[in-house]
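*Asks:* coords_3.txt is the file, holding compact mmCIF, C-alpha atoms:
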# COMPACT_ATOMS: atom_id res chain seq x y z
CA MET W 1 0.00 0.00 0.00
CA PHE W 2 1.21 3.49 -0.79
CA PHE W 3 0.15 6.66 1.01
CA ARG W 4 1.16 10.21 0.39
CA PRO W 5 0.28 13.45 2.24
CA LEU W 6 -2.68 15.06 0.54
CA LEU W 7 -4.21 18.49 0.98
CA ALA W 8 -7.80 18.70 -0.22
CA LEU W 9 -9.11 22.24 -0.60
CA ALA W 10 -12.62 22.38 0.78
CA LEU W 11 -13.14 26.12 0.60
CA ILE W 12 -11.57 28.70 -1.60
CA VAL W 13 -12.79 31.49 0.60
CA PRO W 14 -9.89 33.69 1.74
CA LEU W 15 -10.14 34.08 5.63
CA THR W 16 -8.00 37.24 6.14
CA VAL W 17 -8.99 39.27 9.15
CA GLY W 18 -8.27 42.93 9.66
CA ALA W 19 -9.32 43.44 13.25
CA GLN W 20 -8.55 46.74 14.88
CA THR W 21 -6.32 46.40 17.91
CA LEU W 22 -7.36 47.96 21.17
CA ASP W 23 -4.97 49.61 23.59
CA THR W 24 -5.80 49.11 27.24
CA ALA W 25 -4.55 50.81 30.38
CA ALA W 26 -4.72 47.48 32.21
CA SER W 27 -1.38 45.92 33.11
CA SER W 28 -2.77 42.47 32.23
CA ALA W 29 -5.83 41.70 30.13
CA LEU W 30 -7.52 38.90 28.22
CA VAL W 31 -10.74 39.02 26.19
CA VAL W 32 -12.24 35.85 24.67
CA ASP W 33 -15.41 34.86 22.90
CA TYR W 34 -17.21 32.32 25.07
CA GLU W 35 -18.61 30.15 22.27
CA THR W 36 -15.53 29.83 20.09
CA GLY W 37 -12.74 30.52 22.57
CA ALA W 38 -11.24 33.04 20.14
CA VAL W 39 -8.83 35.44 21.83
CA LEU W 40 -9.84 38.98 20.89
CA LEU W 41 -7.30 40.80 23.05
CA GLU W 42 -4.45 39.77 25.30
CA LYS W 43 -1.81 41.67 27.23
CA ASN W 44 0.62 39.89 29.55
CA ALA W 45 -2.01 37.15 29.74
CA ASP W 46 0.36 34.44 30.98
CA GLU W 47 2.25 36.49 33.55
CA PRO W 48 1.59 35.37 37.15
CA ILE W 49 0.23 38.43 38.93
CA PRO W 50 -1.40 39.22 42.28
CA PRO W 51 -5.08 38.38 41.66
CA ALA W 52 -6.51 39.94 44.84
CA SER W 53 -10.10 38.85 45.45
CA MET W 54 -10.47 37.54 41.90
CA SER W 55 -8.77 34.36 43.21
CA LYS W 56 -11.97 33.72 45.19
CA LEU W 57 -13.22 32.21 41.95
CA MET W 58 -10.98 29.24 42.73
CA THR W 59 -12.24 29.11 46.31
CA LEU W 60 -15.77 28.86 44.92
CA ASN W 61 -14.62 26.26 42.40
CA MET W 62 -13.56 24.04 45.31
CA LEU W 63 -16.85 24.59 47.13
CA PHE W 64 -18.99 23.97 44.04
CA GLU W 65 -17.09 20.76 43.32
CA ALA W 66 -17.74 19.62 46.90
CA ILE W 67 -21.46 20.27 46.42
CA GLN W 68 -21.59 18.44 43.08
CA GLU W 69 -19.76 15.47 44.59
CA GLY W 70 -22.29 15.31 47.43
CA ARG W 71 -19.80 16.09 50.19
CA VAL W 72 -21.81 19.14 51.26
CA SER W 73 -25.19 20.62 50.40
CA LEU W 74 -26.56 24.14 50.15
CA GLU W 75 -28.50 23.56 53.39
CA ASP W 76 -25.49 22.45 55.46
CA THR W 77 -24.37 24.89 58.15
CA PHE W 78 -20.74 25.71 58.89
CA PRO W 79 -19.35 27.07 62.18
CA VAL W 80 -17.56 30.42 62.30
CA SER W 81 -14.17 30.35 63.96
CA GLU W 82 -12.56 33.26 65.76
CA ASN W 83 -9.99 33.29 62.98
CA ALA W 84 -12.70 33.82 60.37
CA HIS W 85 -14.53 36.40 62.48
CA GLY W 86 -11.40 38.48 63.03
CA TYR W 87 -10.14 38.42 59.43
CA GLY W 88 -9.61 41.84 57.85
CA GLY W 89 -10.60 43.31 54.50
CA SER W 90 -13.93 42.74 52.79
CA THR W 91 -16.32 41.07 55.17
CA MET W 92 -19.70 39.39 55.36
CA PHE W 93 -19.84 40.42 59.05
CA LEU W 94 -19.90 36.86 60.33
CA GLU W 95 -19.75 36.34 64.08
CA THR W 96 -18.81 33.22 66.03
CA ARG W 97 -22.44 32.85 67.18
CA HIS W 98 -23.57 32.46 63.56
CA ASN W 99 -24.13 29.19 61.72
CA PRO W 100 -24.41 30.25 58.08
CA THR W 101 -25.61 27.79 55.48
CA VAL W 102 -23.44 26.93 52.51
CA GLU W 103 -25.79 29.00 50.37
CA ASP W 104 -25.31 31.97 52.70
CA LEU W 105 -21.56 31.60 52.37
CA ILE W 106 -21.74 31.40 48.57
CA ARG W 107 -23.66 34.67 48.49
CA GLY W 108 -21.29 36.15 51.03
CA ILE W 109 -18.33 35.40 48.75
CA VAL W 110 -19.97 36.11 45.39
CA VAL W 111 -21.88 39.27 46.29
CA LEU W 112 -19.93 40.66 49.23
CA SER W 113 -16.42 39.28 48.55
CA GLY W 114 -16.35 38.26 52.21
CA ASN W 115 -12.91 37.17 53.39
CA ASP W 116 -14.51 35.77 56.53
CA ALA W 117 -16.82 33.58 54.43
CA CYS W 118 -13.82 32.22 52.51
CA ILE W 119 -12.06 31.28 55.76
CA VAL W 120 -15.15 29.45 57.01
CA VAL W 121 -15.32 27.45 53.77
CA ALA W 122 -11.59 26.69 53.78
CA GLU W 123 -11.52 25.52 57.41
CA GLN W 124 -14.59 23.35 56.97
CA LEU W 125 -13.47 21.66 53.75
CA ALA W 126 -9.77 21.20 54.54
CA GLY W 127 -9.25 21.78 58.27
CA SER W 128 -7.15 24.89 57.81
CA GLU W 129 -6.83 27.69 55.31
CA ARG W 130 -3.29 26.72 54.30
CA ALA W 131 -4.31 23.12 53.67
CA PHE W 132 -7.20 24.41 51.58
CA ALA W 133 -4.89 26.70 49.60
CA ASP W 134 -2.60 23.74 48.85
CA ARG W 135 -5.61 21.85 47.53
CA MET W 136 -6.53 24.86 45.40
CA THR W 137 -3.06 24.87 43.85
CA ALA W 138 -3.12 21.13 43.17
CA ARG W 139 -6.57 21.34 41.60
CA ALA W 140 -5.52 24.31 39.46
CA ARG W 141 -2.64 22.23 38.08
CA GLU W 142 -5.06 19.40 37.25
CA LEU W 143 -7.21 21.89 35.34
CA GLY W 144 -4.22 23.18 33.36
CA MET W 145 -3.87 26.45 35.27
CA ASN W 146 -0.12 26.22 35.66
CA ASP W 147 0.42 29.91 36.40
CA SER W 148 -1.65 29.76 39.60
CA THR W 149 -0.28 29.31 43.12
CA PHE W 150 -2.48 29.87 46.16
CA ILE W 151 -1.31 30.71 49.68
CA ASN W 152 -4.75 31.57 51.06
CA SER W 153 -8.44 31.35 50.18
CA THR W 154 -9.11 35.09 49.98
CA GLY W 155 -6.55 36.70 47.70
CA TRP W 156 -4.96 38.47 50.67
CA PRO W 157 -1.61 39.94 49.54
CA HIS W 158 1.28 37.48 49.60
CA PRO W 159 4.34 37.44 47.32
CA GLU W 160 3.68 33.85 46.26
CA HIS W 161 -0.09 34.10 45.79
CA ARG W 162 -0.40 34.45 42.01
CA MET W 163 -2.66 33.80 39.02
CA SER W 164 -2.41 34.78 35.36
CA ALA W 165 -5.11 36.53 33.35
CA ARG W 166 -5.56 33.35 31.31
CA ASP W 167 -6.01 31.23 34.43
CA LEU W 168 -8.54 33.69 35.81
CA VAL W 169 -10.58 33.56 32.60
CA THR W 170 -10.29 29.75 32.66
CA VAL W 171 -11.75 29.44 36.15
CA GLY W 172 -14.32 32.10 35.30
CA ARG W 173 -15.43 29.98 32.38
CA ARG W 174 -15.78 26.99 34.71
CA MET W 175 -18.31 28.96 36.71
CA ILE W 176 -20.52 28.94 33.61
CA ASP W 177 -19.59 25.61 31.99
CA GLU W 178 -19.44 23.37 35.05
CA PHE W 179 -21.46 25.18 37.71
CA GLY W 180 -24.30 26.74 35.77
CA GLU W 181 -26.79 25.88 38.50
CA PHE W 182 -25.02 28.36 40.77
CA TYR W 183 -24.37 31.07 38.21
CA HIS W 184 -27.46 33.10 39.12
CA TYR W 185 -25.76 34.16 42.35
CA TRP W 186 -23.29 36.26 40.34
CA ALA W 187 -26.08 38.56 39.12
CA GLU W 188 -27.28 39.47 42.63
CA THR W 189 -26.67 43.15 43.24
CA GLU W 190 -26.95 43.05 47.05
CA PHE W 191 -27.07 40.70 50.02
CA THR W 192 -28.06 41.24 53.64
CA TRP W 193 -26.39 39.42 56.52
CA ASN W 194 -26.37 40.30 60.21
CA ASP W 195 -28.84 43.11 59.38
CA ILE W 196 -26.23 44.75 57.14
CA THR W 197 -26.98 45.17 53.43
CA GLN W 198 -24.04 45.48 51.05
CA ARG W 199 -23.94 45.93 47.29
CA ASN W 200 -22.10 43.85 44.74
CA ARG W 201 -18.95 45.65 43.57
CA ASN W 202 -19.16 44.36 39.97
CA PRO W 203 -19.73 47.55 37.94
CA LEU W 204 -21.11 45.75 34.89
CA LEU W 205 -24.21 44.69 36.81
CA TYR W 206 -25.28 48.33 36.88
CA SER W 207 -24.44 49.24 33.27
CA ASP W 208 -26.15 48.58 29.95
CA VAL W 209 -23.39 46.46 28.38
CA GLY W 210 -24.98 43.13 29.32
CA GLY W 211 -22.83 42.21 32.35
CA ASP W 212 -24.15 39.21 34.27
CA GLY W 213 -21.46 38.33 36.76
CA LEU W 214 -18.11 37.22 38.14
CA LYS W 215 -15.57 38.87 40.41
CA THR W 216 -13.80 42.11 41.21
CA GLY W 217 -10.49 42.40 43.02
CA HIS W 218 -8.37 45.12 44.57
CA THR W 219 -5.22 45.43 46.65
CA GLU W 220 -2.59 48.14 46.65
CA GLU W 221 -0.16 45.83 44.86
CA ALA W 222 -2.64 44.47 42.30
CA GLY W 223 -4.59 47.62 41.54
CA TYR W 224 -8.23 47.34 40.53
CA GLY W 225 -9.30 44.31 38.50
CA LEU W 226 -12.30 42.40 37.24
CA VAL W 227 -13.04 39.00 35.76
CA GLY W 228 -16.27 39.73 33.92
CA SER W 229 -18.89 38.21 31.66
CA ALA W 230 -21.38 39.99 29.43
CA VAL W 231 -24.08 38.71 27.07
CA ARG W 232 -25.63 40.52 24.13
CA ASP W 233 -28.00 39.04 21.54
CA GLY W 234 -27.11 35.53 22.71
CA ARG W 235 -23.35 36.03 22.40
CA ARG W 236 -21.15 35.97 25.51
CA VAL W 237 -17.76 37.58 26.05
CA LEU W 238 -15.43 36.73 28.96
CA PHE W 239 -12.63 39.05 29.97
CA MET W 240 -10.14 39.94 32.66
CA VAL W 241 -8.44 43.27 33.36
CA THR W 242 -6.26 44.32 36.27
CA GLY W 243 -3.71 46.92 37.34
CA LEU W 244 -6.10 49.85 36.94
CA ASP W 245 -5.65 52.77 39.30
CA SER W 246 -9.19 53.42 40.55
CA ILE W 247 -12.73 52.06 40.78
CA SER W 248 -13.85 54.47 38.07
CA ALA W 249 -10.98 53.41 35.78
CA ARG W 250 -11.98 49.75 36.27
CA THR W 251 -15.59 50.56 35.40
CA THR W 252 -14.71 52.64 32.35
CA GLU W 253 -12.17 50.16 30.97
CA SER W 254 -14.44 47.14 31.51
CA GLU W 255 -17.36 48.80 29.76
CA ARG W 256 -15.10 49.97 26.92
CA ILE W 257 -13.62 46.51 26.35
CA VAL W 258 -16.99 44.76 26.40
CA SER W 259 -18.56 47.28 24.03
CA TRP W 260 -15.57 46.94 21.67
CA ALA W 261 -15.77 43.12 21.67
CA PHE W 262 -19.46 43.16 20.75
CA ARG W 263 -19.15 46.01 18.27
CA GLU W 264 -16.07 44.84 16.35
CA PHE W 265 -16.57 41.05 16.21
CA GLU W 266 -19.26 38.58 15.26
CA ASN W 267 -19.65 34.81 15.29
CA VAL W 268 -20.01 33.30 11.82
CA THR W 269 -21.33 29.78 11.27
CA PHE W 270 -19.49 28.13 8.37
CA PHE W 271 -20.99 24.66 8.68
CA GLU W 272 -23.83 23.21 10.69
CA GLU W 273 -23.45 19.90 12.53
CA GLY W 274 -23.55 17.06 9.99
CA ASP W 275 -22.78 19.23 6.94
CA VAL W 276 -20.45 17.65 4.37
CA VAL W 277 -17.31 19.78 4.20
CA ALA W 278 -15.23 17.77 1.69
CA GLU W 279 -14.52 14.29 0.33
CA ALA W 280 -11.45 12.21 1.17
CA ASP W 281 -9.96 9.44 -0.99
CA VAL W 282 -10.15 5.93 0.50
CA TRP W 283 -7.58 3.20 -0.19
CA LEU W 284 -8.88 -0.31 -0.91
CA GLY W 285 -12.42 0.48 0.15
CA GLU W 286 -15.77 -0.52 -1.27
CA GLN W 287 -16.11 3.18 -2.11
CA ALA W 288 -13.40 5.38 -3.54
CA SER W 289 -14.10 8.28 -1.15
CA VAL W 290 -15.73 9.16 2.14
CA PRO W 291 -17.58 12.38 3.01
CA LEU W 292 -15.94 14.49 5.71
CA VAL W 293 -18.57 16.02 7.94
CA ALA W 294 -18.67 18.51 10.78
CA GLY W 295 -19.16 16.72 14.08
CA ASP W 296 -20.43 19.98 15.57
CA SER W 297 -21.36 23.35 14.17
CA ILE W 298 -18.24 25.12 12.92
CA VAL W 299 -18.31 28.70 14.16
CA ALA W 300 -15.55 31.30 14.02
CA THR W 301 -15.26 34.71 15.65
CA LEU W 302 -14.31 37.32 13.06
CA PRO W 303 -14.22 41.09 12.77
CA ILE W 304 -17.58 42.40 11.63
CA GLY W 305 -18.03 42.04 7.87
CA GLN W 306 -14.89 39.96 7.30
CA ALA W 307 -16.50 36.56 6.74
CA ALA W 308 -16.33 37.01 2.97
CA ASN W 309 -12.53 37.29 3.21
CA ALA W 310 -12.10 33.98 5.01
CA THR W 311 -10.02 31.02 3.86
CA ALA W 312 -10.14 27.44 5.04
CA ARG W 313 -8.44 24.19 4.15
CA VAL W 314 -9.02 20.54 4.94
CA ILE W 315 -5.95 18.48 5.82
CA TYR W 316 -5.68 14.70 5.98
CA ASP W 317 -3.12 11.95 5.33
CA GLY W 318 -4.48 9.93 2.51
CA PRO W 319 -5.75 8.01 0.81
CA ILE W 320 -7.39 6.87 4.06
CA PRO W 321 -7.06 3.08 4.43
CA ALA W 322 -10.27 1.07 4.63
CA PRO W 323 -12.13 0.15 6.72
CA VAL W 324 -13.34 3.57 7.85
CA ARG W 325 -15.93 3.80 10.60
CA ALA W 326 -18.60 6.48 10.58
CA GLY W 327 -17.67 9.11 13.16
CA ASP W 328 -13.92 8.44 13.01
CA HIS W 329 -11.76 11.58 13.19
CA VAL W 330 -10.01 11.41 9.82
CA ALA W 331 -9.30 15.03 8.87
CA ASP W 332 -9.04 18.59 10.17
CA LEU W 333 -10.56 21.79 8.94
CA VAL W 334 -8.21 24.73 9.47
CA LEU W 335 -9.88 28.13 9.41
CA ASP W 336 -7.35 30.90 8.88
CA THR W 337 -8.74 33.91 10.70
CA GLY W 338 -5.80 36.23 10.21
CA THR W 339 -5.20 38.42 13.25
CA VAL W 340 -7.60 36.33 15.33
CA GLY W 341 -5.50 33.26 14.53
CA GLU W 342 -6.05 29.82 13.02
CA ILE W 343 -8.74 27.52 14.33
CA THR W 344 -8.45 23.76 13.82
CA ILE W 345 -11.67 21.74 13.93
CA PRO W 346 -11.82 17.93 13.61
CA LEU W 347 -13.81 16.43 10.75
CA VAL W 348 -15.26 12.93 10.94
CA ALA W 349 -16.18 10.27 8.42
CA GLY W 350 -19.80 10.69 7.43
CA ILE W 351 -20.37 7.06 6.50
CA GLU W 352 -18.81 3.65 7.00
CA VAL W 353 -16.56 2.40 4.20
CA LEU W 354 -15.76 -1.30 4.30
CA GLU W 355 -12.73 -2.99 2.76
CA GLY W 356 -13.16 -3.87 -0.90
CA GLY W 357 -12.72 -7.32 -2.35
CA ALA W 358 -9.99 -8.79 -4.54
CA MET W 359 -11.05 -6.82 -7.61
CA THR W 360 -10.83 -3.58 -5.65
CA ARG W 361 -7.23 -4.41 -4.71
CA VAL W 362 -6.33 -5.20 -8.32
CA LEU W 363 -7.87 -1.99 -9.66
CA SER W 364 -6.31 0.14 -6.91
CA SER W 365 -2.87 -1.34 -7.49
CA GLY W 366 -3.21 -0.78 -11.24
CA ARG W 367 -4.29 2.80 -10.71
CA LEU W 368 -1.32 3.42 -8.42
CA LEU W 369 1.15 1.94 -10.91
CA ALA W 370 -0.34 4.10 -13.64
CA GLU W 371 0.04 7.22 -11.53
CA ARG W 372 3.68 6.40 -10.82
CA ALA W 373 4.35 5.78 -14.51
CA LEU W 374 2.80 9.10 -15.47
CA GLU W 375 4.94 10.87 -12.88
CA GLN W 376 8.09 9.28 -14.32
CA ILE W 377 7.09 10.19 -17.88
CA ALA W 378 6.46 13.76 -16.83
CA GLY W 379 9.92 13.87 -15.25
CA GLY W 380 8.47 13.86 -11.78
CA GLY W 381 10.37 11.46 -9.58
CA GLU W 382 9.72 11.59 -5.90
CA GLU W 383 7.57 14.44 -4.63
CA THR W 384 9.18 16.81 -2.21
CA ALA W 385 7.54 17.75 1.07
CA ALA W 386 7.02 21.26 -0.26
CA GLU W 387 5.21 19.97 -3.37
CA THR W 388 2.85 17.71 -1.46
CA ALA W 389 2.13 20.40 1.09
CA THR W 390 0.63 22.64 -1.58
CA GLU W 391 -1.17 19.98 -3.61
Would you encode the structure as structure tokens?
*Replies:*
Amino acid sequence: MFFRPLLALALIVPLTVGAQTLDTAASSALVVDYETGAVLLEKNADEPIPPASMSKLMTLNMLFEAIQEGRVSLEDTFPVSENAHGYGGSTMFLETRHNPTVEDLIRGIVVLSGNDACIVVAEQLAGSERAFADRMTARARELGMNDSTFINSTGWPHPEHRMSARDLVTVGRRMIDEFGEFYHYWAETEFTWNDITQRNRNPLLYSDVGGDGLKTGHTEEAGYGLVGSAVRDGRRVLFMVTGLDSISARTTESERIVSWAFREFENVTFFEEGDVVAEADVWLGEQASVPLVAGDSIVATLPIGQAANATARVIYDGPIPAPVRAGDHVADLVLDTGTVGEITIPLVAGIEVLEGGAMTRVLSSGRLLAERALEQIAGGGEETAAETATE
């Protein structure tokens, strides 16, 4: 059997993108489209930085996982230690006489950014805050957040307590992807505990840009930051900014970035789930080719109006040897989105192709010999890698 690299062109639609860049005053920033994962803006996105209270997203990740695993429930009550009661910074105003439920504590962290609530959760789930922080770090590594190291559950300043913008967006996305049943808490604008009502500090909840949640942070070292989410016309954008010098600067920059992401970009559907994208040659099969189909809808985030300038190519090593099972990943569609970057999407076999019989083998071998003879006559010889790459 003889195989050679083959590039089948599925689309001859140029995919060049001319997105306008956006300057930001943030020291670190990352803006992504939720559906496609396309990065619209990044600045120092992989630099470990002080995350301040934004790291409470990971504290909540640990608590939400415990609830999903059945280790605790929303109705469970947790005791308040003197350590939790006396903790400084943002507070839920817990007292040692209180027995808050897990749901109370979630709201105390999400809405009020309560350091005391974080300590209660950490001590109950791991015995001590430091043990809990070690678990947070280990879990972050398991989730691929390699730029995150936790020393505490609150984001309290410490030279080793660090997260990157990309890790913060990653854990923010988990709040939506994995813990959607709890996401409504992020939209609450106020919460009352111990007869004290406090407002949510997330500025996007009070603006008209479509903000629906996630977490602010501030320390003197970190500046003012926000991991935010906004939805408009069914499209969601996730972002993180930090290092801003005031509350008003955080509000202005967050609103500006979200408005820019919705105004300058759109999601374009190139293929629906099950659409045939191309055909691939099959070697020694009952059929000479197999349709390559989209396993899921193929959507790309592009600058507004640039879909007509898009290019795409289908890549596979072929001919593909029979048998081929329906649903097998046999090729990739590469969408070249210019400044937004390339997107690679797997394509699967649309049908089953069984091995052919003896006559199929004879005909295929004859066809291969004929192709080789024609190449020799034309002065071809062996194809170079460069020639096959552009075939």
*Asks:* How many Å separate CA of Thr154 (chain W) from CA of Thr91 (chain W)?
*Replies:* 10.7 Å
*Asks:* Using all atoms listed in the file, can you tell me which of W:Ala117, W:Leu238, W:Ala66, W:Ala187 comes closest to Ala261 (chain W)?
*Replies:*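 For Ala261 (chain W), the nearest of the given residues is W:Leu238.
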*Asks:* For a quick check of understanding, using all atoms listed in the file, which of W:Ala310, W:Phe93, W:Met54, W:Glu264 has the smallest distance to Ile196 (chain W)?
*Replies:* W:Phe93
*Asks:* Please list as a ChimeraX atom specification every residue within 10 Å of Leu22 (chain W), counting all atoms listed in the file and excluding residues in the same chain fewer than 6 positions away.
*Replies:* /W:40-42,256-257,260-261
*Asks:* Just the selected residues (C-alpha atoms), exported as a PDB file, in the frame of the given file, please.
*Replies:*
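Result went into result_8.pdb, see below:
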ATOM      1  CA  LEU W  40      -9.840  38.980  20.890  1.00  0.00           C
ATOM      2  CA  LEU W  41      -7.300  40.800  23.050  1.00  0.00           C
ATOM      3  CA  GLU W  42      -4.450  39.770  25.300  1.00  0.00           C
ATOM      4  CA  ARG W 256     -15.100  49.970  26.920  1.00  0.00           C
ATOM      5  CA  ILE W 257     -13.620  46.510  26.350  1.00  0.00           C
ATOM      6  CA  TRP W 260     -15.570  46.940  21.670  1.00  0.00           C
ATOM      7  CA  ALA W 261     -15.770  43.120  21.670  1.00  0.00           C
TER       8      ALA W 261
END
*Asks:* Taking all atoms listed in the file into account, which of W:Thr101, W:Thr216, W:Ser81, W:Ser90 comes nearest Leu57 (chain W)?
*Replies:*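 Among W:Thr101, W:Thr216, W:Ser81, W:Ser90, it is W:Thr216 that comes nearest to Leu57 (chain W).
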*Asks:* Using only C-alpha atoms for the distances, tell me which of W:Arg139, W:Ser289, W:Glu35, W:Leu205 is nearest to Met62 (chain W).
*Replies:*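 Of W:Arg139, W:Ser289, W:Glu35, W:Leu205, the one nearest Met62 (chain W) is W:Arg139, counting only C-alpha atoms.
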